[in-house]
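This report concerns only the one structure given below.
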Amino acid sequence: MELKQSLGLIAPEILLSIASLVLLLVSAWAGDKASRAISVVACFVLGACFFIVAPTVCAGVAGPDVVAFNGLFTADAFSGFAKLLIFAATGAALVMAPKFFERTNSMMPEFPVLILLAALGMCLMVSATDLMTLYIGLELNSLASYVLAAFLRNDERSAEAGIKYFVLGALASGILLFGMSLTYGFTGSTDFGTVRAALTGDMSTGAMFAVVFVLAGLAFKISAVPFHMWTPDVYEGSPTPVTAFFATAPKVAAVSLLMRVSLDAFGMQADAWRQIVLFVALASIVVGALGAIGQSNIKRLMAFSSINNVGFILIGLVTGTVQGASAMLVYLAIYIAMTAGSFLAIIMMKDEAGAPVEKISDIAGLSRTKPALALCLAMMMFSLAGIPPLFGFWGKFVVFQAAVEANLVALAAIGIAASVIGAFYYLKIVKVMYFDEPADVVKGQSDWAHWALLIISTAFISPLGYLLTTWLGGIADKAAATLFLVAA
Amino acid sequence: MTAFFESLGMNYEWAWFVATICGILLIALPLMLAVAMIIYVDRKIWAAMALRRGPNVVGPFGLLQSFADGLKVFLQETIIPSAANKGLFLIAPIITFTVALMAWAVMPFAEGAVLADINVGLLYILAISSLGVYGVVISGWASNSKYPFFSALRAAAQMISYEVSIGFILICVILWAGTNNLSDIVMAQKGAGLGIVNGFFFNILLFPMWVLFLISGMAETARAPFDLTEAESELVAGYQTEYSSMAFALFWLGEYANVLLMCALNTTLFFGGWLPPLDIGILYVVPGFIWWLLKTFFFFFVFSWVKATVPRFRYDQLMRLGWKIFLPMSLLFVVLVSGYLMLTRYG
Amino acid sequence: MIHTIAFYIFAAMVIASGALVITARNPVHSVLWLILAFFNAAGLMVLVGAEFIAMLLVIVYVGAVAVLFLFVVMMLEIDFAEMRAGFVKYFPLGVLLALILVSEMILGIGAYSAGSMHLGTADGVGTPLMGESNIRSIGALLYGRYLFLFESAGLVLLVAMVGAIVLTHRERGTVRGHQNINKQVRRRPGDATVNTRPEVGKGIEL
């Protein structure tokens, strides 16, 4: 009976794994021509998973009833919220991909399968309540990501991105694993609850090392400074749909994982890790903002933008409060809409031959040749910069609000100041598109699916998004509360 | 046996030590004799199938032919090619021969007649048989000659490929018997077929596995029709090309010891080992060892028969068979067997 | 006593062959020493009563991984002179690292034996079953408590395999010597041969 209950709780994961196995077999027999059909089926699978998870999030389920497999896995509302974002972001990446790869005849049916398996890995990450589940989920996602980064195997930059990501990712896994083994050594358990109980009171230096190594390993995954160095190269080299995927779904998974590890497993030692996270958050904001300024490739610029945004998200973690956690979730939801929308706009910028346009100088004067596309991208940029009428502002606002209420006024002030620096490079893109002489490079036509998705995400981040604040905030509050309920 | 030596006044450890040494000799020496005789039998069988007479000069019916051959190679000079890697060149046949003998340690010849009655017996056999490839690979490389080297590459690929499906086949047997210990596997076959046939082969789920095992066993020991490692029409004599004298004889002995082991495994895993073929009281009068010997000899006859009649596979066909047919088949049967057992025995 | 002797033999062999792995001049010899080290390590496992792990070590590492490793090393053309030069260049750095590691180990073990390090007590999840062979203990944990992780780890391996194939497999069209076995088996003598009685002075039409 116990097993049956557990299997019921992992229904979305089971659906994802069975679907990916079946689609893998289909792709083995049907070959490259089935790629598009497999992508469509994969999207429907993600949709089905979305609707399986959604009710649990709305109900705000939590507690021992949703813990499966003797405490290895939890299907609480917090993990559910993260999964919804992951499914949405993964679906967006799937929609972007076929058109992009088909131009060079490099679409393979394994692409959607790998994306599904990566999504499965992320589901395990956000639901992990045991260090072993955490690690297996992380590796499942990472391995699929390495392959996805090198998916254009005849393209040098893509191969380079794959190798770089793989080597540095393996190093980060090693660091994480070392931290986990230290954690096990000093607490005698891999279960988050037991670790939390064992790390109560004064912490030994060894256990401190464990916390630092685990956090460092996870910081790599969310590309927070000082573990961000892989991000620009990998984002630039990977195929654009894959970059869009990297910038959205794994970020959500890794941030949620980091939240659960630090607030749950290491929750009693918040004072120990708060300093570290504080430094990481501020450093990410500053490095992300300054690093972006000199970039001429828009994908590299987006990489620094993601580093910068992770910094803002981590401010919520520094507070260590329910409100902070809820603010992080809201920020994540808005962030993936903005990032996915930006990458959609980037994919839709094609030259006459249909080849992707990535140089910022090539999109000069886009407002005159492609006004609709330019408008969408401009709104995305304004939103990422956090300029008030747009929804991106709300994300930053709730995070800073949480920081202020947790008496971290100085932190909030530095963050706001840094976001002003960050606004500079976002606005530069807008300036290039609207006020420079047209470079007349972007000419290609785009798929209706891309337009539809772009319009949806633009509508979400437009001032219309504010209609959702109460609803989004309510769900995020519920989800964040479950995280603290388990911890308590 | 340990108890016997203890009764002679030794302490336990010494008694155990001496008993083990005696056990090893009791297995190894008759095995060597058996290998010598089985080579003779092998040649006689091929000869009969080719309408020839085979060895018939040395001793009565040519029975002493193998010993004459042995004496001949023993007296020959061992030639080491000047470009060879001397140490490894000489170690390779020793590895082949030693490994071929090591696996016999867990083989039950009759009830209780087993040197090491360990509970990971089948895994031990799998582990030791996976070592066999080193003799071939090292000899091929150390000879510093192209035909042996090709042969070494083929051997490595071939043995690894077939070990995978052998592993899955063994899993089916282990699941059905519920144990890894070879003696217990034999006992689990008592009356396994309709309560009267001793042996797993009389079982709709395990019979196909036995067929796969027989064929994979030929591939694993590089017996015809899978003797691509020494395919004389392509590679002269494969990894043995540069060998002569005792080194060559050791390969020869090791190879036949391995073939015998495969026959013995067929007997033990699927045909009830030392048990009589049918679970009838009167048949138990014949000692278990005789039954074991008869069955093993029968399988050796099958091996010879195949060698004499089936043409050699091409290399790509061999790989195709291993990876595209045997592997999925054996995997499917692991699922079927475990599913059936979950439904009936453990459900 | 035999136990003790066996331990010292295995342990000495592991250390000696480990040392020879890094000092052997020929990389193929290094791999062979490595295999010997694995094999003796398996012997040590047997001595501590972990016979299942020992067998797996031999089957997986010696039987499969090392064979492929040997395969690769044999095929490689390695420039020994260059390797030697690199060795000399990085020797001081290597010694330094080794010294640091050794001193860390001494410090760590020293601190632990002096009682100043407080390790956690194991939660007892992995305690072996009483009176059962260690295969059963491991099986009970893998297929019981950790079934979920076991299956997920299987998916990780699947992803690795799919990834390797996606990144390296290239269609090469029909390979020479490709055969359709079905077609061969279905072919009957009648399809291939005909009996004709050509008239004198006329050839046959094929």
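Labels used: A, B, ... for chains in the order of the structure tokens, numbers from 1 for residues in each chain, and numbers from 1 for ligands as shown.
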
Give me, as number ranges by chain, the contact residues of chain A against chain C at a cut-off of 6 Å, counting only C-alpha atoms.
A: 140, 147, 185-189

Those residues you just picked out, can you put them in a file as a short mmCIF file (atom, residue, chain, number, x, y, z; two decimals), in the first residue's frame with N, CA and C atoms?
data_model
loop_
_atom_site.label_atom_id
_atom_site.label_comp_id
_atom_site.auth_asym_id
_atom_site.auth_seq_id
_atom_site.Cartn_x
_atom_site.Cartn_y
_atom_site.Cartn_z
N LEU A 140 20.73 13.89 -13.75
CA LEU A 140 19.86 13.59 -14.88
C LEU A 140 19.68 14.84 -15.73
N VAL A 147 24.45 17.33 -23.39
CA VAL A 147 24.21 16.86 -24.76
C VAL A 147 23.47 17.93 -25.55
N GLY A 185 28.81 12.68 6.66
CA GLY A 185 29.77 12.34 7.71
C GLY A 185 29.46 13.03 9.02
N PHE A 186 29.04 14.29 8.94
CA PHE A 186 28.84 15.03 10.18
C PHE A 186 27.43 14.91 10.74
N THR A 187 26.50 14.40 9.92
CA THR A 187 25.14 14.27 10.44
C THR A 187 24.68 12.84 10.50
N GLY A 188 25.32 11.96 9.71
CA GLY A 188 24.94 10.55 9.74
C GLY A 188 23.70 10.24 8.93
N SER A 189 23.27 11.17 8.10
CA SER A 189 22.08 10.90 7.32
C SER A 189 22.10 11.74 6.05
#

Name all residues at most 12 Å from C:Ile204 (count only C-alpha atoms; drop same-chain ones fewer than 5 positions away) and give them as a ChimeraX atom specification.
/C:194-199

Mind dumping the selected residues with C-alpha atoms as a compact mmCIF listing (two decimals), in the first residue's frame?
# COMPACT_ATOMS: atom_id res chain seq x y z
CA VAL C 194 16.29 -22.55 -64.08
CA ASN C 195 16.43 -25.68 -66.07
CA THR C 196 16.69 -24.99 -69.78
CA ARG C 197 17.35 -27.13 -72.80
CA PRO C 198 18.83 -24.74 -75.35
CA GLU C 199 18.63 -25.68 -79.00

For stretch 52-65 of chain B, work out the shell of residues within 12 Å, counting only C-alpha atoms and skipping chain neighbours fewer than 2 positions away, then give it as a list in words.
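The residues satisfying every condition are Leu33, Ala36, Met37, Ile38, Ile39, Tyr40, Val41, Asp42, Arg43, Lys44, Ile45, Trp46, Ala47, Ala48, Met49, Ala50, Phe67, Ala68, Asp69, Gly70, Leu71 and Lys72 of chain B.
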
Take the residues from that selection and write them out as an mmCIF file, in the first residue's frame, keeping N, CA and C atoms.
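Result file selection-v3.cif:
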data_model
loop_
_atom_site.group_PDB
_atom_site.id
_atom_site.type_symbol
_atom_site.label_atom_id
_atom_site.label_comp_id
_atom_site.auth_asym_id
_atom_site.auth_seq_id
_atom_site.Cartn_x
_atom_site.Cartn_y
_atom_site.Cartn_z
ATOM 1 N N LEU B 33 43.879 -34.350 -17.169
ATOM 2 C CA LEU B 33 43.728 -35.648 -17.835
ATOM 3 C C LEU B 33 42.500 -35.612 -18.744
ATOM 4 N N ALA B 36 43.134 -33.708 -21.868
ATOM 5 C CA ALA B 36 43.911 -34.496 -22.828
ATOM 6 C C ALA B 36 43.002 -35.482 -23.561
ATOM 7 N N MET B 37 42.140 -36.139 -22.803
ATOM 8 C CA MET B 37 41.276 -37.134 -23.423
ATOM 9 C C MET B 37 40.213 -36.478 -24.305
ATOM 10 N N ILE B 38 39.764 -35.309 -23.860
ATOM 11 C CA ILE B 38 38.678 -34.673 -24.594
ATOM 12 C C ILE B 38 39.190 -34.151 -25.935
ATOM 13 N N ILE B 39 40.469 -33.791 -25.969
ATOM 14 C CA ILE B 39 41.037 -33.365 -27.253
ATOM 15 C C ILE B 39 41.009 -34.547 -28.219
ATOM 16 N N TYR B 40 41.351 -35.693 -27.689
ATOM 17 C CA TYR B 40 41.305 -36.915 -28.496
ATOM 18 C C TYR B 40 39.876 -37.162 -28.993
ATOM 19 N N VAL B 41 38.917 -37.057 -28.057
ATOM 20 C CA VAL B 41 37.512 -37.285 -28.410
ATOM 21 C C VAL B 41 37.073 -36.305 -29.486
ATOM 22 N N ASP B 42 37.467 -35.053 -29.298
ATOM 23 C CA ASP B 42 37.112 -34.013 -30.236
ATOM 24 C C ASP B 42 37.579 -34.401 -31.646
ATOM 25 N N ARG B 43 38.840 -34.795 -31.718
ATOM 26 C CA ARG B 43 39.395 -35.131 -33.037
ATOM 27 C C ARG B 43 38.698 -36.345 -33.627
ATOM 28 N N LYS B 44 38.366 -37.296 -32.760
ATOM 29 C CA LYS B 44 37.667 -38.493 -33.248
ATOM 30 C C LYS B 44 36.286 -38.127 -33.807
ATOM 31 N N ILE B 45 35.620 -37.219 -33.105
ATOM 32 C CA ILE B 45 34.268 -36.854 -33.551
ATOM 33 C C ILE B 45 34.319 -36.137 -34.897
ATOM 34 N N TRP B 46 35.255 -35.164 -35.018
ATOM 35 C CA TRP B 46 35.346 -34.494 -36.325
ATOM 36 C C TRP B 46 35.656 -35.499 -37.403
ATOM 37 N N ALA B 47 36.575 -36.383 -37.071
ATOM 38 C CA ALA B 47 37.001 -37.357 -38.073
ATOM 39 C C ALA B 47 35.799 -38.189 -38.514
ATOM 40 N N ALA B 48 35.009 -38.627 -37.548
ATOM 41 C CA ALA B 48 33.854 -39.456 -37.882
ATOM 42 C C ALA B 48 32.900 -38.689 -38.782
ATOM 43 N N MET B 49 32.724 -37.394 -38.479
ATOM 44 C CA MET B 49 31.772 -36.629 -39.273
ATOM 45 C C MET B 49 32.320 -36.321 -40.648
ATOM 46 N N ALA B 50 33.640 -36.328 -40.772
ATOM 47 C CA ALA B 50 34.229 -36.079 -42.082
ATOM 48 C C ALA B 50 34.583 -37.391 -42.765
ATOM 49 N N PHE B 67 48.829 -37.381 -25.405
ATOM 50 C CA PHE B 67 50.029 -37.405 -24.568
ATOM 51 C C PHE B 67 51.278 -37.310 -25.431
ATOM 52 N N ALA B 68 51.225 -37.967 -26.587
ATOM 53 C CA ALA B 68 52.354 -37.868 -27.506
ATOM 54 C C ALA B 68 52.529 -36.421 -27.956
ATOM 55 N N ASP B 69 51.389 -35.772 -28.274
ATOM 56 C CA ASP B 69 51.461 -34.369 -28.686
ATOM 57 C C ASP B 69 52.033 -33.510 -27.572
ATOM 58 N N GLY B 70 51.555 -33.800 -26.357
ATOM 59 C CA GLY B 70 52.016 -33.025 -25.210
ATOM 60 C C GLY B 70 53.517 -33.167 -25.040
ATOM 61 N N LEU B 71 54.006 -34.371 -25.132
ATOM 62 C CA LEU B 71 55.428 -34.625 -24.975
ATOM 63 C C LEU B 71 56.209 -33.884 -26.055
ATOM 64 N N LYS B 72 55.623 -33.895 -27.271
ATOM 65 C CA LYS B 72 56.312 -33.251 -28.390
ATOM 66 C C LYS B 72 56.477 -31.750 -28.122
#

List every residue of stretch 120-194 of chain A that DSSP, applied to the backbone of this structure, assigns to helix (DSSP H, G or I), and report them as a PyMOL selection string.
chain A and resi 120-127+131-149+156-187+192-194

Export of the given selection (C-alpha atoms) as a compact mmCIF listing (two decimals), in the first residue's frame:
# COMPACT_ATOMS: atom_id res chain seq x y z
CA LEU A 120 12.22 14.86 -15.35
CA GLY A 121 15.58 15.53 -13.71
CA MET A 122 14.40 18.96 -12.69
CA CYS A 123 11.21 17.52 -11.21
CA LEU A 124 13.37 15.26 -9.05
CA MET A 125 15.51 18.24 -8.04
CA VAL A 126 12.64 20.37 -6.84
CA SER A 127 10.99 17.45 -5.06
CA LEU A 131 20.64 14.41 -0.74
CA MET A 132 20.64 11.33 -2.95
CA THR A 133 17.47 12.30 -4.80
CA LEU A 134 18.93 15.77 -5.15
CA TYR A 135 22.09 14.43 -6.74
CA ILE A 136 20.39 12.00 -9.11
CA GLY A 137 17.94 14.65 -10.25
CA LEU A 138 20.75 17.13 -10.75
CA GLU A 139 22.81 14.65 -12.76
CA LEU A 140 19.86 13.59 -14.88
CA ASN A 141 19.25 17.21 -15.78
CA SER A 142 22.94 18.03 -16.21
CA LEU A 143 23.76 15.08 -18.46
CA ALA A 144 20.85 15.89 -20.73
CA SER A 145 21.92 19.56 -20.72
CA TYR A 146 25.51 18.76 -21.76
CA VAL A 147 24.21 16.86 -24.76
CA LEU A 148 21.71 19.59 -25.61
CA ALA A 149 24.44 22.25 -25.48
CA GLU A 156 32.30 24.39 -33.51
CA ARG A 157 30.82 26.80 -31.03
CA SER A 158 28.12 24.38 -30.00
CA ALA A 159 30.65 21.60 -29.46
CA GLU A 160 32.81 24.00 -27.47
CA ALA A 161 29.83 24.99 -25.35
CA GLY A 162 29.08 21.32 -24.71
CA ILE A 163 32.65 20.53 -23.67
CA LYS A 164 32.96 23.60 -21.44
CA TYR A 165 29.64 22.95 -19.80
CA PHE A 166 30.51 19.30 -19.30
CA VAL A 167 33.95 19.87 -17.78
CA LEU A 168 32.88 22.66 -15.46
CA GLY A 169 29.62 20.88 -14.66
CA ALA A 170 31.52 17.76 -13.68
CA LEU A 171 33.75 19.86 -11.44
CA ALA A 172 30.70 21.41 -9.80
CA SER A 173 29.15 17.97 -9.33
CA GLY A 174 32.35 16.90 -7.64
CA ILE A 175 32.25 19.87 -5.30
CA LEU A 176 28.59 19.24 -4.51
CA LEU A 177 29.21 15.56 -3.93
CA PHE A 178 32.12 16.34 -1.62
CA GLY A 179 29.88 18.67 0.35
CA MET A 180 27.20 16.00 0.50
CA SER A 181 29.59 13.35 1.75
CA LEU A 182 30.83 15.75 4.43
CA THR A 183 27.21 16.44 5.35
CA TYR A 184 26.59 12.73 5.67
CA GLY A 185 29.77 12.34 7.71
CA PHE A 186 28.84 15.03 10.18
CA THR A 187 25.14 14.27 10.44
CA PHE A 192 16.92 16.68 4.89
CA GLY A 193 14.87 16.43 8.06
CA THR A 194 17.50 14.40 9.90

Select, from B:Thr344, B:Thr296, B:Gln317, B:Asn266, the residue with the minimum atom-to-atom distance to chain C, counting only C-alpha atoms.
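For chain C, the nearest of the given residues is B:Gln317.
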
Distance query C:Val21 at most 6 Å, only C-alpha atoms, self and fewer than 6 positions along chain excluded, as a JSON list (two decimals) with N, CA and C atoms, in the first residue's frame:
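Written out: out29.json:
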[["chain", "number", "residue", "atom", "x", "y", "z"],
["C", 30, "SER", "N", 51.10, -0.16, -17.53],
["C", 30, "SER", "CA", 50.38, 0.56, -16.46],
["C", 30, "SER", "C", 48.97, 0.02, -16.32],
["C", 33, "TRP", "N", 48.98, -3.33, -14.68],
["C", 33, "TRP", "CA", 49.18, -3.23, -13.22],
["C", 33, "TRP", "C", 47.90, -2.76, -12.55],
["C", 34, "LEU", "N", 47.23, -1.83, -13.22],
["C", 34, "LEU", "CA", 45.97, -1.32, -12.66],
["C", 34, "LEU", "C", 44.98, -2.47, -12.49]]

For each of B:Met246, B:Leu88, B:Ala100, B:Leu341, take the minimum atom-to-atom distance to chain C, counting only C-alpha atoms, then give the residue where this is smallest.
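Looking at the shortest contact to chain C, the residue is B:Leu88.
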
Using only C-alpha atoms, which residues of chain B come within 8 Å of chain C, and what is the closest atom pair for each, with the distance in Å to one decimal? Give it as a tab-separated table, sorted by chain and residue number.
residue	atom	partner	partner_atom	distance
B:Glu13	CA	C:Ile2	CA	7.0
B:Asn119	CA	C:Ser133	CA	7.6
B:Val120	CA	C:Phe52	CA	6.7
B:Leu123	CA	C:Met55	CA	6.2
B:Tyr124	CA	C:Met55	CA	6.1
B:Leu126	CA	C:Ile59	CA	6.8
B:Ala127	CA	C:Ile59	CA	4.6
B:Ile128	CA	C:Ile59	CA	7.9
B:Ser130	CA	C:Gly63	CA	4.7
B:Leu131	CA	C:Gly63	CA	5.8
B:Tyr134	CA	C:Val67	CA	7.6
B:Trp141	CA	C:Met74	CA	7.4
B:Leu153	CA	C:Phe71	CA	7.3
B:Ala156	CA	C:Val67	CA	6.9
B:Ile160	CA	C:Ala64	CA	6.7

What lies within 8 Å of stretch 204-208 of chain B using only C-alpha atoms, ignoring chain neighbours under 3 positions off, as a VMD selection string?
chain B and resid 172 to 173 200 to 201 211 to 212 333 336 to 337

Dump N, CA and C atoms for the selected residues as a PDB file, in the first residue's frame?
ATOM      1  N   CYS B 172      18.286 -14.830 -15.259  1.00  0.00           N
ATOM      2  CA  CYS B 172      17.046 -15.613 -15.316  1.00  0.00           C
ATOM      3  C   CYS B 172      17.162 -16.855 -14.439  1.00  0.00           C
ATOM      4  N   VAL B 173      18.295 -17.553 -14.546  1.00  0.00           N
ATOM      5  CA  VAL B 173      18.479 -18.773 -13.756  1.00  0.00           C
ATOM      6  C   VAL B 173      18.498 -18.435 -12.270  1.00  0.00           C
ATOM      7  N   PHE B 200      16.182 -27.189 -15.401  1.00  0.00           N
ATOM      8  CA  PHE B 200      15.445 -25.987 -15.771  1.00  0.00           C
ATOM      9  C   PHE B 200      15.114 -25.954 -17.256  1.00  0.00           C
ATOM     10  N   PHE B 201      15.759 -26.814 -18.053  1.00  0.00           N
ATOM     11  CA  PHE B 201      15.493 -26.727 -19.491  1.00  0.00           C
ATOM     12  C   PHE B 201      14.053 -27.079 -19.779  1.00  0.00           C
ATOM     13  N   VAL B 211      18.976 -22.291 -24.856  1.00  0.00           N
ATOM     14  CA  VAL B 211      19.469 -22.266 -26.235  1.00  0.00           C
ATOM     15  C   VAL B 211      20.435 -21.096 -26.412  1.00  0.00           C
ATOM     16  N   LEU B 212      20.036 -19.927 -25.908  1.00  0.00           N
ATOM     17  CA  LEU B 212      20.917 -18.765 -26.015  1.00  0.00           C
ATOM     18  C   LEU B 212      22.228 -19.026 -25.283  1.00  0.00           C
ATOM     19  N   PHE B 333      13.577 -11.825 -21.715  1.00  0.00           N
ATOM     20  CA  PHE B 333      13.282 -12.958 -20.854  1.00  0.00           C
ATOM     21  C   PHE B 333      13.538 -12.658 -19.387  1.00  0.00           C
ATOM     22  N   LEU B 336      10.288 -11.245 -18.548  1.00  0.00           N
ATOM     23  CA  LEU B 336       9.241 -12.269 -18.496  1.00  0.00           C
ATOM     24  C   LEU B 336       9.388 -13.131 -17.252  1.00  0.00           C
ATOM     25  N   VAL B 337      10.626 -13.595 -17.012  1.00  0.00           N
ATOM     26  CA  VAL B 337      10.842 -14.495 -15.877  1.00  0.00           C
ATOM     27  C   VAL B 337      10.521 -13.785 -14.570  1.00  0.00           C
TER      28      VAL B 337
END

Residues of stretch 59-153 of chain A classed as strand (DSSP E) by DSSP on the backbone are to be reported as a PyMOL selection string.
chain A and resi 67-68+73-74

Using only C-alpha atoms, which of A:Gln269, A:Thr339, A:Thr321, A:Ser419 sits nearest A:Ala303?
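Checking each of A:Gln269, A:Thr339, A:Thr321, A:Ser419 against A:Ala303, counting only C-alpha atoms, the winner is A:Thr339.
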
Within 6 Å of stretch 433-450 of chain A, counting only C-alpha atoms, which residues qualify if same-chain residues fewer than 2 places away don't, as a list of chain:residue names?
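Counting only C-alpha atoms, the residues come to A:Met348, A:Met349, A:Lys350, A:Asp351, A:Glu352, A:Gly354, A:Asp362, A:Ala364, A:Gly365, A:Leu366, A:Ser367, A:Val430, A:Lys431, A:Ala452, A:Leu453, A:Leu454.
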
Write out as a ChimeraX atom specification which residues come within 10 Å of stretch 176-186 of chain B when counting only C-alpha atoms, dropping same-chain ones fewer than 5 positions away.
/B:106-114,117-125,170-171,192,198-200,205-206,265,267-275,337-338,340-341,345 /C:135-136
